[in-house]
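Read through the structure below, which is laid out as structure tokens, and then see the notes.
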Amino acid sequence: MSSVFGKPRAGSGPPSTPLEVNLAILGRRGAGKSALTVKFLTKRFISEYDPNLEDTYSSEETVDHQPVHLRVMDTADLDTPRNCERYLNWAHAFLVVYSVDSRQSFDSSSSYLELLALHAKETQRSVPALLLGNKLDMAQYRQVTKAEGVALAGRFGCLFFEVSACLDFEHVQHVFHEAVREARRELKSPLTRPLFISEERALPHQAPLTARHGLASCTFNTLSTVSLKEMPTVAQAKLVTVKSSRAQSKRKAPTLTLLKGFKIF
Ligand SMILES: Nc1nc2c(ncn2[C@@H]2O[C@H](COP(=O)(O)OP(=O)(O)OP(=O)(O)O)[C@@H](O)[C@H]2O)c(=O)[nH]1
């Protein structure tokens with residue numbers, strides 16, 4: 001079987017084999033990564049959560065009539081990227097999330113996109129990213145305009161959406177499925193799309209990425225193998241797999257039960 005950096009290559013199996021896509025959700029604390037993940041997986045909005053949890057969920061999806069085994073890593077960095085190799089070498093696509101009512105979260109999303117660009121340059125492997133401005137329902141408290149989101153996405157050559165984890169499920173689902181499409185495109189014809197371009201541009205007034213975010217810890221040569229633990233399906237939820245893969249920077253957690261820490265309405 002052909003492989004991409006040691007991983008089974010999606011799309012290389014027989015037609016009935018579901019495509020395997022790993023999706024990592026990145027962003028500052030509170031941007032709504034968990035809320036979006038849970039909305040996508042359960043169609044529900046969460047209002048209470050444990051910000052320290054970092055889990056990988058697995059869901060069987062059908063995207064454009066094709067079965068997809070989708071794994072979603074809801075990361076839990078603190079305020080800046082940390083121990084990034086756990087997702088950099090694992091994901092086939094990234095969702096970089098900020099909150100439209102938080103300038104800080106927007107600045108962080110820029111840092112994440114820079115990190116992905118740096119990684120793409122280092123590895124010569126382009127992994128698609130989508131930029132999401134979350135909490136669109138809070139638009140009256142906007143600190144980030146839609147034009148700024150569009151411009152940032154344009155700078156890094158990625159798709160851009162404004163969404164809300166509280167509003168309609170279909171829009172959130174559409175965004176996740178777009179990520180699958182982007183990953184699928186990349187996996188089927190690797191390196192046919194341009195690499196991220198931002199690192200080619202001068203970033204005046206900014207220190208180097210590694211200096212600003214302590215990314216020395218983000219070594220790009222380690223393949224983090226994520227071991228998923230199969231769990232029985234829980235009523236009302238599409239989730240079939242939950243893994244406690246707490247970031248090294250977080251306190252240690254026991255193996256999770258489904259959606260531990262979340263209150264689902
Ligand atoms: N109004 C509104 N609130 C949201 C939305 N998404 C998330 N929230 C709330 O924002 C807070 C943070 O959401 P989380 O999903 O936990 O954010 P996170 O990015 O996962 O943050 P960490 O878990 O700390 O990494 C919670 O109180 C959510 O209920 C949204 O679309 N609209």
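Residues are referred to by chain and number: the chain letter is A, B, ... according to the order shown in the structure tokens, the number counts from 1 in that chain, and ligands are numbered separately from 1 in the order shown.
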*Among region 100-155 of chain A, which ones does DSSP place in strand (DSSP E or B), written as JSON, numbers by chain?*
{"A": [129, 130, 131, 132, 133, 134]}
Please dump the current selection as a CSV table (one decimal), in the first residue's frame; keep N, CA, C and O atoms.
```csv
chain,number,residue,atom,x,y,z
A,129,ALA,N,-5.9,23.9,4.9
A,129,ALA,CA,-6.5,24.5,6.1
A,129,ALA,C,-7.7,25.3,5.7
A,129,ALA,O,-7.7,25.9,4.6
A,130,LEU,N,-8.6,25.4,6.6
A,130,LEU,CA,-9.8,26.2,6.4
A,130,LEU,C,-9.8,27.2,7.6
A,130,LEU,O,-9.6,26.7,8.7
A,131,LEU,N,-10.0,28.4,7.4
A,131,LEU,CA,-10.1,29.4,8.5
A,131,LEU,C,-11.6,29.7,8.8
A,131,LEU,O,-12.4,29.9,7.9
A,132,LEU,N,-11.9,29.5,10.1
A,132,LEU,CA,-13.3,29.7,10.5
A,132,LEU,C,-13.4,30.8,11.5
A,132,LEU,O,-12.8,30.8,12.5
A,133,GLY,N,-14.3,31.8,11.2
A,133,GLY,CA,-14.7,32.8,12.2
A,133,GLY,C,-15.9,32.3,12.9
A,133,GLY,O,-17.0,32.3,12.3
A,134,ASN,N,-15.8,31.9,14.1
A,134,ASN,CA,-16.9,31.3,14.8
A,134,ASN,C,-17.7,32.3,15.6
A,134,ASN,O,-17.3,33.5,15.8
```
_If you run DSSP on the backbone here, which positions in region 59-206 of chain A get alpha helix (DSSP H)? Please write them as a count of residues only._
56
Closest contacts (chain A/ligand 1, max 9 Å, only C-alpha atoms and all ligand atoms) as JSON lines:
```
{"residue": "A:Ile25", "atom": "CA", "partner": "ligand 1", "partner_atom_place_in_ligand_line": "19 (O)", "distance": 8.6}
{"residue": "A:Leu26", "atom": "CA", "partner": "ligand 1", "partner_atom_place_in_ligand_line": "19 (O)", "distance": 7.9}
{"residue": "A:Gly27", "atom": "CA", "partner": "ligand 1", "partner_atom_place_in_ligand_line": "19 (O)", "distance": 6.2}
{"residue": "A:Arg28", "atom": "CA", "partner": "ligand 1", "partner_atom_place_in_ligand_line": "19 (O)", "distance": 5.9}
{"residue": "A:Arg29", "atom": "CA", "partner": "ligand 1", "partner_atom_place_in_ligand_line": "24 (O)", "distance": 3.7}
{"residue": "A:Gly30", "atom": "CA", "partner": "ligand 1", "partner_atom_place_in_ligand_line": "21 (O)", "distance": 3.5}
{"residue": "A:Ala31", "atom": "CA", "partner": "ligand 1", "partner_atom_place_in_ligand_line": "19 (O)", "distance": 3.9}
{"residue": "A:Gly32", "atom": "CA", "partner": "ligand 1", "partner_atom_place_in_ligand_line": "15 (O)", "distance": 3.3}
{"residue": "A:Lys33", "atom": "CA", "partner": "ligand 1", "partner_atom_place_in_ligand_line": "19 (O)", "distance": 3.7}
{"residue": "A:Ser34", "atom": "CA", "partner": "ligand 1", "partner_atom_place_in_ligand_line": "15 (O)", "distance": 3.6}
{"residue": "A:Ala35", "atom": "CA", "partner": "ligand 1", "partner_atom_place_in_ligand_line": "15 (O)", "distance": 3.6}
{"residue": "A:Leu36", "atom": "CA", "partner": "ligand 1", "partner_atom_place_in_ligand_line": "6 (N)", "distance": 6.3}
{"residue": "A:Thr37", "atom": "CA", "partner": "ligand 1", "partner_atom_place_in_ligand_line": "15 (O)", "distance": 7.8}
{"residue": "A:Val38", "atom": "CA", "partner": "ligand 1", "partner_atom_place_in_ligand_line": "15 (O)", "distance": 8.3}
{"residue": "A:Phe45", "atom": "CA", "partner": "ligand 1", "partner_atom_place_in_ligand_line": "29 (O)", "distance": 7.3}
{"residue": "A:Ile46", "atom": "CA", "partner": "ligand 1", "partner_atom_place_in_ligand_line": "29 (O)", "distance": 5.4}
{"residue": "A:Ser47", "atom": "CA", "partner": "ligand 1", "partner_atom_place_in_ligand_line": "29 (O)", "distance": 3.6}
{"residue": "A:Glu48", "atom": "CA", "partner": "ligand 1", "partner_atom_place_in_ligand_line": "27 (O)", "distance": 5.9}
{"residue": "A:Tyr49", "atom": "CA", "partner": "ligand 1", "partner_atom_place_in_ligand_line": "16 (O)", "distance": 5.5}
{"residue": "A:Asp50", "atom": "CA", "partner": "ligand 1", "partner_atom_place_in_ligand_line": "23 (O)", "distance": 6.2}
{"residue": "A:Pro51", "atom": "CA", "partner": "ligand 1", "partner_atom_place_in_ligand_line": "23 (O)", "distance": 3.4}
{"residue": "A:Asn52", "atom": "CA", "partner": "ligand 1", "partner_atom_place_in_ligand_line": "23 (O)", "distance": 6.1}
{"residue": "A:Leu53", "atom": "CA", "partner": "ligand 1", "partner_atom_place_in_ligand_line": "23 (O)", "distance": 6.7}
{"residue": "A:Glu54", "atom": "CA", "partner": "ligand 1", "partner_atom_place_in_ligand_line": "23 (O)", "distance": 7.8}
{"residue": "A:Asp74", "atom": "CA", "partner": "ligand 1", "partner_atom_place_in_ligand_line": "20 (O)", "distance": 7.1}
{"residue": "A:Thr75", "atom": "CA", "partner": "ligand 1", "partner_atom_place_in_ligand_line": "25 (O)", "distance": 6.6}
{"residue": "A:Ala76", "atom": "CA", "partner": "ligand 1", "partner_atom_place_in_ligand_line": "25 (O)", "distance": 4.4}
{"residue": "A:Asp77", "atom": "CA", "partner": "ligand 1", "partner_atom_place_in_ligand_line": "25 (O)", "distance": 6.3}
{"residue": "A:Leu78", "atom": "CA", "partner": "ligand 1", "partner_atom_place_in_ligand_line": "25 (O)", "distance": 7.0}
{"residue": "A:Asp79", "atom": "CA", "partner": "ligand 1", "partner_atom_place_in_ligand_line": "25 (O)", "distance": 8.7}
{"residue": "A:Val97", "atom": "CA", "partner": "ligand 1", "partner_atom_place_in_ligand_line": "19 (O)", "distance": 7.4}
{"residue": "A:Tyr98", "atom": "CA", "partner": "ligand 1", "partner_atom_place_in_ligand_line": "19 (O)", "distance": 7.9}
{"residue": "A:Ser99", "atom": "CA", "partner": "ligand 1", "partner_atom_place_in_ligand_line": "31 (O)", "distance": 7.9}
{"residue": "A:Asn134", "atom": "CA", "partner": "ligand 1", "partner_atom_place_in_ligand_line": "31 (O)", "distance": 5.3}
{"residue": "A:Lys135", "atom": "CA", "partner": "ligand 1", "partner_atom_place_in_ligand_line": "31 (O)", "distance": 3.4}
{"residue": "A:Leu136", "atom": "CA", "partner": "ligand 1", "partner_atom_place_in_ligand_line": "31 (O)", "distance": 6.2}
{"residue": "A:Asp137", "atom": "CA", "partner": "ligand 1", "partner_atom_place_in_ligand_line": "32 (N)", "distance": 5.7}
{"residue": "A:Met138", "atom": "CA", "partner": "ligand 1", "partner_atom_place_in_ligand_line": "1 (N)", "distance": 5.7}
{"residue": "A:Val163", "atom": "CA", "partner": "ligand 1", "partner_atom_place_in_ligand_line": "31 (O)", "distance": 6.8}
{"residue": "A:Ser164", "atom": "CA", "partner": "ligand 1", "partner_atom_place_in_ligand_line": "31 (O)", "distance": 3.6}
{"residue": "A:Ala165", "atom": "CA", "partner": "ligand 1", "partner_atom_place_in_ligand_line": "31 (O)", "distance": 3.6}
{"residue": "A:Cys166", "atom": "CA", "partner": "ligand 1", "partner_atom_place_in_ligand_line": "31 (O)", "distance": 4.8}
{"residue": "A:Leu167", "atom": "CA", "partner": "ligand 1", "partner_atom_place_in_ligand_line": "31 (O)", "distance": 7.1}
{"residue": "A:Phe262", "atom": "CA", "partner": "ligand 1", "partner_atom_place_in_ligand_line": "16 (O)", "distance": 8.9}
```
Give me a file of those residues, with C-alpha atoms, as a PDB file, in the first residue's frame.
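Output (again-v6.pdb):
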```pdb
ATOM      1  CA  ILE A  25      -9.224  21.707  14.962  1.00  0.00           C
ATOM      2  CA  LEU A  26      -6.836  24.435  16.040  1.00  0.00           C
ATOM      3  CA  GLY A  27      -7.327  27.769  17.721  1.00  0.00           C
ATOM      4  CA  ARG A  28      -7.116  29.796  20.866  1.00  0.00           C
ATOM      5  CA  ARG A  29      -8.903  28.755  24.035  1.00  0.00           C
ATOM      6  CA  GLY A  30     -12.548  29.673  23.941  1.00  0.00           C
ATOM      7  CA  ALA A  31     -12.755  30.149  20.179  1.00  0.00           C
ATOM      8  CA  GLY A  32     -15.336  27.395  20.025  1.00  0.00           C
ATOM      9  CA  LYS A  33     -13.377  24.382  18.790  1.00  0.00           C
ATOM     10  CA  SER A  34     -15.170  21.936  21.073  1.00  0.00           C
ATOM     11  CA  ALA A  35     -18.560  23.508  20.452  1.00  0.00           C
ATOM     12  CA  LEU A  36     -18.109  23.220  16.686  1.00  0.00           C
ATOM     13  CA  THR A  37     -16.829  19.659  16.958  1.00  0.00           C
ATOM     14  CA  VAL A  38     -19.718  18.563  19.114  1.00  0.00           C
ATOM     15  CA  PHE A  45     -24.678  22.985  21.061  1.00  0.00           C
ATOM     16  CA  ILE A  46     -22.667  22.641  24.238  1.00  0.00           C
ATOM     17  CA  SER A  47     -22.563  25.359  26.816  1.00  0.00           C
ATOM     18  CA  GLU A  48     -20.425  23.752  29.477  1.00  0.00           C
ATOM     19  CA  TYR A  49     -17.151  22.100  28.794  1.00  0.00           C
ATOM     20  CA  ASP A  50     -13.820  21.154  30.228  1.00  0.00           C
ATOM     21  CA  PRO A  51     -11.281  23.361  28.466  1.00  0.00           C
ATOM     22  CA  ASN A  52      -8.446  21.003  29.373  1.00  0.00           C
ATOM     23  CA  LEU A  53      -9.761  18.052  27.436  1.00  0.00           C
ATOM     24  CA  GLU A  54      -8.237  17.148  24.113  1.00  0.00           C
ATOM     25  CA  ASP A  74     -10.329  18.722  19.089  1.00  0.00           C
ATOM     26  CA  THR A  75      -7.040  20.162  20.285  1.00  0.00           C
ATOM     27  CA  ALA A  76      -6.511  21.970  23.566  1.00  0.00           C
ATOM     28  CA  ASP A  77      -3.461  24.164  23.273  1.00  0.00           C
ATOM     29  CA  LEU A  78      -3.273  26.933  25.807  1.00  0.00           C
ATOM     30  CA  ASP A  79      -2.858  30.314  24.146  1.00  0.00           C
ATOM     31  CA  VAL A  97     -10.901  28.615  14.457  1.00  0.00           C
ATOM     32  CA  TYR A  98     -11.198  32.102  15.887  1.00  0.00           C
ATOM     33  CA  SER A  99     -14.128  33.886  17.422  1.00  0.00           C
ATOM     34  CA  ASN A 134     -16.937  31.258  14.838  1.00  0.00           C
ATOM     35  CA  LYS A 135     -19.697  32.791  17.017  1.00  0.00           C
ATOM     36  CA  LEU A 136     -21.374  34.530  14.135  1.00  0.00           C
ATOM     37  CA  ASP A 137     -24.437  34.784  16.371  1.00  0.00           C
ATOM     38  CA  MET A 138     -22.380  37.269  18.423  1.00  0.00           C
ATOM     39  CA  VAL A 163     -20.068  30.026  11.332  1.00  0.00           C
ATOM     40  CA  SER A 164     -21.807  29.600  14.642  1.00  0.00           C
ATOM     41  CA  ALA A 165     -21.862  26.525  16.794  1.00  0.00           C
ATOM     42  CA  CYS A 166     -25.212  27.726  18.157  1.00  0.00           C
ATOM     43  CA  LEU A 167     -26.970  28.182  14.860  1.00  0.00           C
ATOM     44  CA  PHE A 262     -19.856  18.451  28.082  1.00  0.00           C
TER      45      PHE A 262
END
```
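In this structure, CA of Glu85 (chain A) sits 12.5 Å away from CA of Leu118 (chain A).
Among the candidate residues A:Leu115, A:Ala120, A:Ala179, A:Val100, the one lying nearest to Arg142 (chain A) is A:Val100, with distances computed using only C-alpha atoms.
Rounded to one decimal, CA of Val150 (chain A) and CA of Arg125 (chain A) lie 23.9 Å from each other.
Take CA of Gln124 (chain A) and CA of Gly149 (chain A): the distance between them is 25.9 Å.
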